[in-house]
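For reference, protein-v8.cif (mmCIF, C-alpha atoms and all ligand atoms):
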data_input
#
loop_
_atom_site.label_atom_id
_atom_site.label_comp_id
_atom_site.auth_asym_id
_atom_site.auth_seq_id
_atom_site.Cartn_x
_atom_site.Cartn_y
_atom_site.Cartn_z
CA MET A 122 -30.87 -77.50 -88.95
CA ASN A 123 -32.31 -80.47 -90.86
CA ARG A 124 -31.29 -81.37 -94.38
CA ARG A 125 -33.29 -79.61 -97.10
CA PRO A 126 -34.45 -81.06 -100.45
CA LEU A 127 -33.09 -79.60 -103.69
CA ALA A 128 -34.36 -82.23 -106.16
CA GLU A 129 -35.61 -85.78 -106.01
CA GLY A 130 -33.07 -87.65 -103.84
CA VAL A 131 -30.79 -84.61 -103.54
CA TYR A 132 -30.46 -82.65 -100.30
CA TRP A 133 -28.56 -79.69 -98.93
CA MET A 134 -26.83 -80.56 -95.69
CA GLY A 135 -24.13 -78.93 -93.64
CA ALA A 136 -23.75 -76.17 -91.12
CA ILE A 137 -24.23 -72.41 -91.04
CA ASP A 138 -21.45 -70.76 -89.06
CA TRP A 139 -23.03 -67.45 -88.07
CA ASP A 140 -20.29 -66.49 -85.62
CA ARG A 141 -17.11 -67.21 -87.53
CA ARG A 142 -15.20 -63.98 -88.02
CA LEU A 143 -11.82 -65.11 -89.32
CA PHE A 144 -10.70 -67.69 -91.85
CA ASP A 145 -7.15 -69.05 -92.04
CA ALA A 146 -6.41 -66.71 -89.08
CA LEU A 147 -6.26 -64.02 -91.78
CA ILE A 148 -9.44 -63.38 -93.74
CA PRO A 149 -12.20 -61.38 -92.03
CA LEU A 150 -15.70 -62.89 -92.33
CA PRO A 151 -18.08 -60.10 -91.31
CA ASP A 152 -21.09 -62.13 -92.42
CA GLY A 153 -20.06 -65.57 -91.18
CA THR A 154 -20.04 -68.49 -93.61
CA SER A 155 -21.50 -71.93 -94.21
CA TYR A 156 -20.05 -75.36 -94.93
CA ASN A 157 -22.47 -76.90 -97.40
CA ALA A 158 -22.52 -80.65 -97.89
CA TYR A 159 -24.93 -82.55 -100.14
CA LEU A 160 -26.57 -85.95 -99.98
CA VAL A 161 -27.35 -87.70 -103.27
CA GLN A 162 -29.43 -90.88 -103.06
CA GLY A 163 -29.59 -93.12 -106.11
CA GLU A 164 -31.60 -96.29 -106.58
CA GLU A 165 -28.65 -98.38 -105.45
CA LYS A 166 -26.12 -96.20 -103.74
CA THR A 167 -25.85 -93.07 -101.64
CA ALA A 168 -23.13 -90.42 -101.69
CA LEU A 169 -22.26 -87.55 -99.40
CA LEU A 170 -20.56 -84.68 -101.20
CA ASP A 171 -18.18 -82.77 -98.91
CA THR A 172 -18.53 -82.52 -95.13
CA VAL A 173 -18.13 -79.64 -92.68
CA ASP A 174 -15.46 -77.89 -90.64
CA PRO A 175 -14.51 -80.22 -87.75
CA PRO A 176 -16.05 -78.11 -84.93
CA MET A 177 -19.43 -78.58 -86.66
CA THR A 178 -19.24 -82.34 -87.09
CA ASP A 179 -22.15 -82.87 -84.71
CA VAL A 180 -24.48 -80.89 -86.99
CA LEU A 181 -23.66 -83.13 -89.93
CA ALA A 182 -23.91 -86.27 -87.78
CA ALA A 183 -27.44 -85.30 -86.74
CA GLN A 184 -28.44 -84.77 -90.40
CA LEU A 185 -27.11 -88.24 -91.22
CA ALA A 186 -28.88 -89.90 -88.29
CA ASP A 187 -31.50 -91.57 -90.48
CA VAL A 188 -29.11 -92.43 -93.33
CA PRO A 189 -28.26 -96.11 -92.72
CA ARG A 190 -25.59 -96.50 -95.39
CA LEU A 191 -23.14 -94.30 -97.25
CA ASP A 192 -21.30 -95.77 -100.19
CA TYR A 193 -19.26 -92.74 -101.12
CA VAL A 194 -17.98 -89.57 -99.50
CA VAL A 195 -16.84 -87.24 -102.25
CA SER A 196 -13.97 -84.99 -101.23
CA HIS A 197 -13.87 -82.15 -103.73
CA HIS A 198 -11.11 -80.39 -101.83
CA THR A 199 -8.90 -81.46 -98.95
CA GLU A 200 -9.10 -78.21 -97.01
CA GLN A 201 -10.48 -78.80 -93.53
CA ASP A 202 -13.63 -76.72 -93.95
CA HIS A 203 -14.88 -79.33 -96.44
CA SER A 204 -13.01 -82.52 -95.66
CA GLY A 205 -12.21 -82.07 -91.98
CA ALA A 206 -15.14 -84.20 -90.82
CA ILE A 207 -14.38 -87.07 -93.23
CA PRO A 208 -12.60 -89.17 -90.57
CA ALA A 209 -15.70 -88.95 -88.34
CA VAL A 210 -17.97 -89.90 -91.25
CA LEU A 211 -15.75 -92.85 -92.16
CA ALA A 212 -15.82 -94.05 -88.57
CA ARG A 213 -19.61 -94.01 -88.64
CA TYR A 214 -19.86 -95.68 -92.09
CA PRO A 215 -17.16 -98.38 -92.31
CA GLU A 216 -18.31 -99.37 -95.82
CA ALA A 217 -17.91 -95.86 -97.28
CA GLN A 218 -15.14 -94.99 -99.72
CA VAL A 219 -13.73 -91.51 -100.13
CA VAL A 220 -13.85 -90.38 -103.77
CA ALA A 221 -11.19 -87.84 -104.68
CA SER A 222 -8.79 -86.77 -107.42
CA PRO A 223 -5.42 -88.55 -107.59
CA LYS A 224 -3.70 -85.41 -106.28
CA ALA A 225 -6.05 -85.34 -103.31
CA LYS A 226 -5.29 -88.85 -102.13
CA PRO A 227 -1.91 -88.19 -100.47
CA MET A 228 -3.23 -84.87 -99.17
CA LEU A 229 -6.16 -86.58 -97.44
CA VAL A 230 -3.69 -88.98 -95.87
CA ASP A 231 -1.21 -86.28 -94.83
CA HIS A 232 -3.59 -83.56 -93.70
CA LEU A 233 -6.46 -85.55 -92.23
CA GLY A 234 -5.17 -89.02 -91.50
CA VAL A 235 -7.64 -90.67 -93.89
CA PRO A 236 -6.56 -94.31 -94.42
CA GLU A 237 -5.08 -94.66 -97.90
CA ALA A 238 -7.02 -97.88 -98.54
CA ARG A 239 -10.31 -96.06 -98.21
CA VAL A 240 -9.64 -93.53 -100.97
CA LEU A 241 -10.93 -94.22 -104.48
CA THR A 242 -9.38 -91.89 -107.03
CA VAL A 243 -11.25 -90.66 -110.09
CA GLU A 244 -9.83 -89.18 -113.26
CA ASP A 245 -11.02 -85.99 -114.91
CA GLY A 246 -14.37 -86.74 -116.59
CA GLU A 247 -14.83 -90.09 -114.86
CA ALA A 248 -18.30 -90.94 -113.55
CA ILE A 249 -19.83 -93.10 -110.85
CA SER A 250 -23.42 -94.35 -111.08
CA LEU A 251 -25.56 -94.41 -107.96
CA GLY A 252 -28.42 -96.02 -109.90
CA GLY A 253 -30.47 -93.49 -111.86
CA LYS A 254 -28.07 -90.75 -110.77
CA THR A 255 -24.61 -90.10 -112.12
CA LEU A 256 -21.79 -88.28 -110.41
CA ARG A 257 -19.42 -86.96 -113.08
CA PHE A 258 -16.17 -85.52 -111.73
CA LEU A 259 -14.34 -82.63 -113.34
CA HIS A 260 -10.88 -81.76 -112.11
CA THR A 261 -10.52 -78.04 -111.43
CA PRO A 262 -6.92 -77.69 -110.24
CA TRP A 263 -6.11 -74.54 -108.27
CA VAL A 264 -9.72 -73.60 -107.73
CA HIS A 265 -8.74 -73.51 -104.88
CA TRP A 266 -5.91 -76.02 -104.25
CA PRO A 267 -4.07 -78.24 -106.75
CA GLU A 268 -6.28 -81.26 -106.01
CA THR A 269 -9.67 -79.56 -106.30
CA MET A 270 -12.50 -81.05 -108.35
CA VAL A 271 -16.25 -80.49 -108.82
CA THR A 272 -19.15 -82.89 -109.45
CA TYR A 273 -21.86 -82.63 -112.10
CA LEU A 274 -25.15 -84.45 -111.60
CA PRO A 275 -26.67 -84.49 -115.12
CA GLU A 276 -30.03 -85.98 -114.13
CA ALA A 277 -30.76 -82.92 -111.96
CA ARG A 278 -28.49 -80.50 -113.92
CA ILE A 279 -26.69 -79.55 -110.70
CA LEU A 280 -23.02 -78.60 -110.39
CA PHE A 281 -21.58 -79.17 -106.92
CA SER A 282 -18.75 -76.69 -107.13
CA CYS A 283 -17.14 -76.62 -103.66
CA ASP A 284 -15.14 -73.34 -103.31
CA PHE A 285 -15.81 -72.39 -106.96
CA PHE A 286 -18.75 -69.90 -107.03
CA GLY A 287 -18.82 -69.84 -103.22
CA SER A 288 -19.23 -66.95 -100.82
CA HIS A 289 -18.68 -66.44 -97.13
CA LEU A 290 -22.24 -65.61 -96.16
CA ALA A 291 -24.29 -67.13 -93.36
CA THR A 292 -27.95 -67.22 -94.38
CA THR A 293 -30.89 -69.57 -94.12
CA GLU A 294 -31.89 -68.59 -97.67
CA LEU A 295 -30.66 -71.35 -99.92
CA LEU A 296 -31.49 -69.44 -103.11
CA PRO A 297 -31.46 -65.70 -102.47
CA ASP A 298 -31.65 -63.33 -105.40
CA TRP A 299 -28.19 -62.64 -106.89
CA SER A 300 -28.55 -58.98 -105.85
CA LYS A 301 -28.40 -60.15 -102.22
CA ALA A 302 -25.53 -62.55 -102.79
CA GLU A 303 -23.30 -60.63 -105.19
CA ALA A 304 -21.38 -58.48 -102.68
CA ALA A 305 -20.38 -61.48 -100.56
CA ALA A 306 -19.48 -63.45 -103.70
CA LYS A 307 -17.24 -60.66 -104.99
CA ARG A 308 -15.55 -60.33 -101.63
CA TYR A 309 -14.99 -64.10 -101.57
CA TYR A 310 -13.54 -63.99 -105.09
CA GLY A 311 -11.17 -61.18 -104.05
CA GLU A 312 -10.06 -62.82 -100.82
CA ILE A 313 -9.82 -66.44 -101.96
CA MET A 314 -9.83 -66.89 -105.72
CA MET A 315 -8.19 -63.79 -107.23
CA PRO A 316 -4.67 -65.31 -107.03
CA PHE A 317 -6.00 -68.13 -109.26
CA ALA A 318 -7.75 -65.94 -111.82
CA ARG A 319 -6.23 -67.74 -114.82
CA GLN A 320 -7.33 -71.13 -113.49
CA VAL A 321 -10.79 -69.73 -112.72
CA GLU A 322 -11.01 -68.40 -116.27
CA ARG A 323 -10.01 -71.78 -117.75
CA ASN A 324 -12.47 -73.71 -115.63
CA ILE A 325 -15.31 -71.29 -116.31
CA GLU A 326 -15.10 -72.34 -119.94
CA ARG A 327 -15.62 -75.97 -118.89
CA VAL A 328 -18.54 -75.04 -116.65
CA ARG A 329 -20.18 -73.00 -119.43
CA ALA A 330 -20.37 -76.19 -121.51
CA LEU A 331 -22.60 -77.90 -118.92
CA ASP A 332 -26.39 -77.86 -119.00
CA LEU A 333 -27.06 -76.27 -115.61
CA ALA A 334 -30.17 -75.59 -113.55
CA LEU A 335 -28.34 -75.03 -110.27
CA ILE A 336 -24.85 -74.32 -108.94
CA ALA A 337 -24.41 -75.67 -105.42
CA PRO A 338 -21.17 -74.45 -103.86
CA SER A 339 -19.87 -75.50 -100.45
CA HIS A 340 -19.92 -71.98 -98.98
CA GLY A 341 -22.85 -69.58 -98.95
CA PRO A 342 -25.99 -69.51 -101.09
CA LEU A 343 -26.76 -71.71 -104.09
CA HIS A 344 -27.37 -70.19 -107.50
CA ALA A 345 -30.56 -70.87 -109.45
CA GLU A 346 -29.45 -68.52 -112.24
CA PRO A 347 -26.12 -70.10 -113.17
CA ALA A 348 -25.51 -67.86 -116.18
CA THR A 349 -25.58 -64.73 -114.02
CA VAL A 350 -23.09 -65.95 -111.47
CA ILE A 351 -20.82 -67.48 -114.12
CA SER A 352 -20.76 -64.15 -116.00
CA ALA A 353 -19.91 -62.25 -112.82
CA TRP A 354 -17.03 -64.59 -112.01
CA ALA A 355 -15.80 -64.44 -115.61
CA HIS A 356 -15.78 -60.65 -115.46
CA TRP A 357 -13.89 -60.58 -112.16
CA ALA A 358 -11.34 -63.09 -113.42
CA SER A 359 -10.73 -61.86 -116.94
CA GLY A 360 -12.70 -58.69 -117.70
CA PRO A 361 -10.91 -55.34 -117.99
CA PRO A 362 -10.29 -53.38 -114.77
CA ALA A 363 -12.49 -50.42 -113.92
CA ASN A 364 -11.61 -46.74 -113.99
CA LEU A 365 -10.69 -47.08 -110.33
CA VAL A 366 -7.71 -46.22 -108.14
CA VAL A 367 -7.38 -48.05 -104.83
CA ILE A 368 -5.29 -46.27 -102.20
CA PRO A 369 -4.32 -48.27 -99.11
CA TYR A 370 -2.44 -45.87 -96.84
CA VAL A 371 -1.27 -45.20 -93.32
CA SER A 372 -0.29 -41.90 -91.77
CA MET A 373 1.58 -41.32 -88.50
CA HIS A 374 1.50 -37.55 -88.10
CA GLY A 375 -0.89 -36.45 -90.83
CA SER A 376 1.48 -35.66 -93.70
CA THR A 377 0.76 -38.80 -95.71
CA GLN A 378 -2.94 -38.34 -94.95
CA GLN A 379 -2.79 -34.83 -96.47
CA MET A 380 -1.09 -36.21 -99.57
CA VAL A 381 -3.64 -38.98 -99.98
CA GLU A 382 -6.55 -36.60 -99.57
CA HIS A 383 -5.07 -34.22 -102.13
CA LEU A 384 -4.53 -37.05 -104.60
CA VAL A 385 -8.04 -38.39 -104.05
CA GLY A 386 -9.52 -34.95 -104.76
CA ALA A 387 -7.35 -34.50 -107.85
CA LEU A 388 -8.37 -37.89 -109.23
CA ALA A 389 -12.04 -37.23 -108.56
CA GLU A 390 -11.79 -33.91 -110.45
CA ARG A 391 -10.42 -35.85 -113.40
CA GLY A 392 -13.28 -38.31 -113.41
CA VAL A 393 -11.33 -41.21 -111.91
CA GLY A 394 -13.03 -43.33 -109.23
CA VAL A 395 -11.13 -43.80 -105.97
CA GLU A 396 -11.44 -46.02 -102.92
CA GLN A 397 -9.15 -45.09 -100.03
CA PHE A 398 -8.41 -47.41 -97.11
CA ASN A 399 -6.82 -46.16 -93.90
CA LEU A 400 -4.90 -49.28 -92.97
CA ALA A 401 -5.02 -48.48 -89.26
CA VAL A 402 -8.75 -49.24 -89.29
CA ALA A 403 -9.48 -50.83 -92.68
CA ASP A 404 -11.26 -54.15 -93.25
CA LEU A 405 -8.72 -56.05 -95.36
CA GLY A 406 -11.57 -57.98 -96.99
CA LYS A 407 -13.00 -54.72 -98.34
CA LEU A 408 -9.55 -53.82 -99.62
CA ALA A 409 -9.32 -57.20 -101.37
CA THR A 410 -12.77 -56.62 -102.89
CA ALA A 411 -11.76 -53.21 -104.22
CA LEU A 412 -8.62 -54.71 -105.75
CA VAL A 413 -10.77 -57.05 -107.89
CA GLU A 414 -11.49 -54.21 -110.33
CA ALA A 415 -8.82 -51.59 -109.60
CA ALA A 416 -6.82 -50.36 -112.59
CA THR A 417 -4.30 -48.55 -110.38
CA ILE A 418 -2.98 -49.12 -106.87
CA VAL A 419 -1.32 -46.25 -104.98
CA ILE A 420 0.22 -47.13 -101.64
CA GLY A 421 0.49 -44.27 -99.16
CA THR A 422 3.08 -44.62 -96.42
CA PRO A 423 5.33 -42.64 -94.13
CA THR A 424 8.92 -43.78 -93.66
CA VAL A 425 9.63 -45.63 -90.40
CA LEU A 426 13.19 -46.59 -89.54
CA THR A 427 14.22 -46.07 -93.20
CA ARG A 428 11.45 -48.34 -94.56
CA PRO A 429 7.68 -48.21 -95.23
CA HIS A 430 5.31 -48.38 -92.28
CA PRO A 431 4.58 -52.04 -91.38
CA LEU A 432 0.89 -51.62 -92.23
CA ALA A 433 1.84 -50.45 -95.72
CA VAL A 434 4.21 -53.43 -95.99
CA THR A 435 1.27 -55.72 -95.14
CA ALA A 436 -0.95 -54.06 -97.77
CA ALA A 437 1.77 -54.34 -100.43
CA PHE A 438 2.42 -57.98 -99.53
CA LEU A 439 -1.31 -58.72 -99.66
CA ALA A 440 -1.77 -57.00 -103.03
CA ASN A 441 1.20 -58.90 -104.42
CA ALA A 442 -0.15 -62.22 -103.13
CA LEU A 443 -3.70 -61.61 -104.40
CA ARG A 444 -2.43 -60.70 -107.88
CA PRO A 445 -5.18 -58.34 -108.93
CA LYS A 446 -5.46 -57.27 -112.57
CA ALA A 447 -4.28 -53.70 -111.86
CA ARG A 448 -2.15 -52.21 -114.63
CA PHE A 449 -0.47 -49.32 -112.80
CA ALA A 450 1.00 -48.70 -109.35
CA SER A 451 2.67 -45.91 -107.45
CA VAL A 452 3.69 -44.77 -103.98
CA VAL A 453 3.05 -41.53 -102.16
CA GLY A 454 4.14 -40.54 -98.68
CA SER A 455 6.22 -38.48 -96.35
CA TYR A 456 9.63 -39.04 -94.75
CA GLY A 457 11.61 -37.40 -91.98
CA TRP A 458 15.18 -37.56 -93.22
CA GLY A 459 15.52 -40.28 -95.88
CA GLY A 460 15.15 -44.00 -96.40
CA LYS A 461 14.32 -46.71 -98.91
CA THR A 462 10.54 -46.64 -98.88
CA VAL A 463 9.92 -46.74 -102.62
CA GLU A 464 12.51 -49.45 -103.30
CA THR A 465 11.05 -51.60 -100.52
CA ILE A 466 7.47 -51.26 -101.76
CA ALA A 467 8.57 -51.92 -105.35
CA GLY A 468 10.28 -55.11 -104.19
CA LEU A 469 7.17 -56.22 -102.35
CA ILE A 470 4.91 -55.93 -105.41
CA SER A 471 7.29 -57.51 -107.88
CA ASP A 472 4.76 -60.20 -108.91
CA LEU A 473 2.22 -57.63 -110.12
CA LYS A 474 2.20 -56.97 -113.85
CA VAL A 475 2.03 -53.21 -113.40
CA GLU A 476 3.68 -50.17 -114.86
CA VAL A 477 5.15 -48.27 -111.92
CA LEU A 478 4.34 -44.56 -112.13
CA ASP A 479 6.66 -41.93 -110.65
CA PRO A 480 6.19 -41.85 -106.87
CA VAL A 481 5.62 -38.68 -104.89
CA LEU A 482 7.54 -38.51 -101.62
CA CYS A 483 7.92 -35.36 -99.57
CA LYS A 484 9.96 -34.32 -96.57
CA GLY A 485 7.68 -33.60 -93.63
CA LEU A 486 4.48 -31.77 -94.48
CA PRO A 487 3.62 -31.56 -98.20
CA LYS A 488 4.55 -28.19 -99.74
CA GLU A 489 3.18 -26.55 -102.83
CA ALA A 490 5.63 -28.37 -105.09
CA ASP A 491 4.57 -31.70 -103.57
CA LEU A 492 0.91 -30.93 -104.17
CA GLN A 493 1.75 -30.05 -107.76
CA ALA A 494 3.53 -33.40 -108.07
CA LEU A 495 0.36 -35.12 -106.83
CA GLU A 496 -1.65 -33.21 -109.45
CA ALA A 497 0.80 -34.45 -112.07
CA LEU A 498 0.39 -38.02 -110.79
CA ALA A 499 -3.38 -37.66 -111.05
CA ASP A 500 -2.94 -36.35 -114.63
CA THR A 501 -0.80 -39.35 -115.48
CA ILE A 502 -3.24 -41.85 -113.98
CA ALA A 503 -6.22 -40.28 -115.75
CA ALA A 504 -4.32 -40.30 -119.05
CA LYS A 505 -3.27 -43.93 -118.58
CA HIS A 506 -6.86 -44.95 -117.85
CA ARG A 507 -8.03 -43.11 -120.97
CA GLU A 508 -5.33 -44.80 -123.09
CA GLN A 509 -6.57 -48.16 -121.82
CA ARG A 510 -10.15 -47.16 -122.65
CA LEU A 511 -11.23 -47.54 -119.05
CA CYS A 512 -13.09 -44.23 -119.08
FE1 LIG A 601 -13.51 -73.58 -98.52
FE2 LIG A 601 -10.43 -73.82 -99.99
O1 LIG A 601 -11.76 -74.19 -98.73
#
Could you rewrite the structure in this file as structure tokens?
Ligand code: FEO
Amino acid sequence: MNRRPLAEGVYWMGAIDWDRRLFDALIPLPDGTSYNAYLVQGEEKTALLDTVDPPMTDVLAAQLADVPRLDYVVSHHTEQDHSGAIPAVLARYPEAQVVASPKAKPMLVDHLGVPEARVLTVEDGEAISLGGKTLRFLHTPWVHWPETMVTYLPEARILFSCDFFGSHLATTELLPDWSKAEAAAKRYYGEIMMPFARQVERNIERVRALDLALIAPSHGPLHAEPATVISAWAHWASGPPANLVVIPYVSMHGSTQQMVEHLVGALAERGVGVEQFNLAVADLGKLATALVEAATIVIGTPTVLTRPHPLAVTAAFLANALRPKARFASVVGSYGWGGKTVETIAGLISDLKVEVLDPVLCKGLPKEADLQALEALADTIAAKHREQRLC
């Protein structure tokens, strides 16, 4: 695909990765992704902003075929999907300097073998003139790594935001309507950015202060209505949770399944929204997306060799690592003869700022008393959500 104009002297470049299905050997990408790079040509100098994932270097090289000189290669973020092709670009353009934050410099050297002498560091707020075009750099640490920064081009009112405001979505539409892009953006936020919600919140305030016509991230579509996408991200990062219970569960012989189904029905009768995920078949990206707005997480698990089922352990570990804004958590499940299921799950979610509600564990199949305990748990959750004015 050829480069595409966005404004006078400003082009989208990069590669659409339609077939990628896994990121970091962990995150499912049902809709592929893209590695967006941008070319900014001033009257005197030319800059490339970000590159592509190394397997797609040839695509970028073809787009640069008629670009005789590059003065700068801006590395917003060291991660390989954006900076992995920098060594190839530097080999092609021996005059080019890599522009990066001070924290990025040693990372570019360590992770990608970029020669230290070719890295020019820029402070927060510093600018470089290309001649009639200004690249102003804003440090945005932890959105997504500690060295991350973004670039503002005031003459065109464009923010090149790298991972910030990105989405894993392969599409030839550079500027689809937000209604087409929102689901992928929310999933991306849940999978990638939710652990950094506080940093996202802080940096959103900086972005709001900019005069913006366009947000150009390095994954997925661009955003021609910046206020809409900024508001969505602000809500995900710092808005209140929804009246929603997310139940990741696994069942070996049907007992935990019966408990989950009873709890789901009881919550629905009380006006509480529920999303249940059978971990044996669930898309973990959908689970991460649901966790973005969940007020309560209930993990359903049988006891295996005195502990929770390994799939429930994975879900608890994931929830703990993603740090959603949930306010309550509990455990339901079935055991054969005993064990430490609840203690183990509680230990796995120790980073979540949640009130732990009384768990409901039963021996074998759930009996009437166990179903009553699930009704009581549903009562408690509904009351807690009402107290928090979530419904
Ligand atoms: Fe798209 Fe954090 O890299």
Taking only C-alpha atoms and all ligand atoms and a cut-off of 12 Å, can you tell me which residues surround ligand LIG 601 (chain A), written as a PDB file with C-alpha atoms, in the coordinates of the input?
ATOM      1  CA  PHE A 144     -10.700 -67.690 -91.850  1.00  0.00           C
ATOM      2  CA  ASP A 145      -7.150 -69.050 -92.040  1.00  0.00           C
ATOM      3  CA  ILE A 148      -9.440 -63.380 -93.740  1.00  0.00           C
ATOM      4  CA  THR A 154     -20.040 -68.490 -93.610  1.00  0.00           C
ATOM      5  CA  SER A 155     -21.500 -71.930 -94.210  1.00  0.00           C
ATOM      6  CA  TYR A 156     -20.050 -75.360 -94.930  1.00  0.00           C
ATOM      7  CA  ASN A 157     -22.470 -76.900 -97.400  1.00  0.00           C
ATOM      8  CA  ALA A 158     -22.520 -80.650 -97.890  1.00  0.00           C
ATOM      9  CA  ASP A 171     -18.180 -82.770 -98.910  1.00  0.00           C
ATOM     10  CA  THR A 172     -18.530 -82.520 -95.130  1.00  0.00           C
ATOM     11  CA  VAL A 173     -18.130 -79.640 -92.680  1.00  0.00           C
ATOM     12  CA  ASP A 174     -15.460 -77.890 -90.640  1.00  0.00           C
ATOM     13  CA  SER A 196     -13.970 -84.990-101.230  1.00  0.00           C
ATOM     14  CA  HIS A 197     -13.870 -82.150-103.730  1.00  0.00           C
ATOM     15  CA  HIS A 198     -11.110 -80.390-101.830  1.00  0.00           C
ATOM     16  CA  THR A 199      -8.900 -81.460 -98.950  1.00  0.00           C
ATOM     17  CA  GLU A 200      -9.100 -78.210 -97.010  1.00  0.00           C
ATOM     18  CA  GLN A 201     -10.480 -78.800 -93.530  1.00  0.00           C
ATOM     19  CA  ASP A 202     -13.630 -76.720 -93.950  1.00  0.00           C
ATOM     20  CA  HIS A 203     -14.880 -79.330 -96.440  1.00  0.00           C
ATOM     21  CA  SER A 204     -13.010 -82.520 -95.660  1.00  0.00           C
ATOM     22  CA  GLY A 205     -12.210 -82.070 -91.980  1.00  0.00           C
ATOM     23  CA  PRO A 262      -6.920 -77.690-110.240  1.00  0.00           C
ATOM     24  CA  TRP A 263      -6.110 -74.540-108.270  1.00  0.00           C
ATOM     25  CA  VAL A 264      -9.720 -73.600-107.730  1.00  0.00           C
ATOM     26  CA  HIS A 265      -8.740 -73.510-104.880  1.00  0.00           C
ATOM     27  CA  TRP A 266      -5.910 -76.020-104.250  1.00  0.00           C
ATOM     28  CA  PRO A 267      -4.070 -78.240-106.750  1.00  0.00           C
ATOM     29  CA  GLU A 268      -6.280 -81.260-106.010  1.00  0.00           C
ATOM     30  CA  THR A 269      -9.670 -79.560-106.300  1.00  0.00           C
ATOM     31  CA  MET A 270     -12.500 -81.050-108.350  1.00  0.00           C
ATOM     32  CA  SER A 282     -18.750 -76.690-107.130  1.00  0.00           C
ATOM     33  CA  CYS A 283     -17.140 -76.620-103.660  1.00  0.00           C
ATOM     34  CA  ASP A 284     -15.140 -73.340-103.310  1.00  0.00           C
ATOM     35  CA  PHE A 285     -15.810 -72.390-106.960  1.00  0.00           C
ATOM     36  CA  PHE A 286     -18.750 -69.900-107.030  1.00  0.00           C
ATOM     37  CA  GLY A 287     -18.820 -69.840-103.220  1.00  0.00           C
ATOM     38  CA  SER A 288     -19.230 -66.950-100.820  1.00  0.00           C
ATOM     39  CA  HIS A 289     -18.680 -66.440 -97.130  1.00  0.00           C
ATOM     40  CA  TYR A 309     -14.990 -64.100-101.570  1.00  0.00           C
ATOM     41  CA  TYR A 310     -13.540 -63.990-105.090  1.00  0.00           C
ATOM     42  CA  GLU A 312     -10.060 -62.820-100.820  1.00  0.00           C
ATOM     43  CA  ILE A 313      -9.820 -66.440-101.960  1.00  0.00           C
ATOM     44  CA  MET A 314      -9.830 -66.890-105.720  1.00  0.00           C
ATOM     45  CA  PHE A 317      -6.000 -68.130-109.260  1.00  0.00           C
ATOM     46  CA  PRO A 338     -21.170 -74.450-103.860  1.00  0.00           C
ATOM     47  CA  SER A 339     -19.870 -75.500-100.450  1.00  0.00           C
ATOM     48  CA  HIS A 340     -19.920 -71.980 -98.980  1.00  0.00           C
ATOM     49  CA  GLY A 341     -22.850 -69.580 -98.950  1.00  0.00           C
TER      50      GLY A 341
END
Atom pair CA of Gln218 (chain A) / CA of Leu241 (chain A): separation (Å):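 Atom-to-atom, CA of Gln218 (chain A) to CA of Leu241 (chain A), that is 6.4 Å.
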Coordinates-based distance that separates CA of Gly153 (chain A) from CA of Pro445 (chain A) (Å, one decimal):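 Computing it gives 24.3 Å between the two atoms.
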Which residues of region 312-414 of chain A come within 10 Å of region 483-497 of chain A, and for each one, what is the closest pair of atoms and their distance in Å to one decimal, counting only C-alpha atoms, sorted by chain and residue number, as a tab-separated table?
residue	atom	partner	partner_atom	distance
A:His374	CA	A:Leu486	CA	9.1
A:Gly375	CA	A:Leu486	CA	8.0
A:Ser376	CA	A:Leu486	CA	5.0
A:Thr377	CA	A:Leu486	CA	8.0
A:Gln378	CA	A:Leu486	CA	9.9
A:Gln379	CA	A:Pro487	CA	7.4
A:Met380	CA	A:Pro487	CA	6.8
A:Val381	CA	A:Leu495	CA	8.8
A:His383	CA	A:Leu492	CA	7.1
A:Leu384	CA	A:Leu495	CA	5.7
A:Val385	CA	A:Leu495	CA	9.4
A:Gly386	CA	A:Glu496	CA	9.3
A:Ala387	CA	A:Glu496	CA	6.1
A:Leu388	CA	A:Glu496	CA	8.2
A:Arg391	CA	A:Glu496	CA	10.0
Near-Val180 (chain A) list (8 Å; all atoms listed in the file; drop same-chain fewer than 4 positions) as a count of residues only: 4
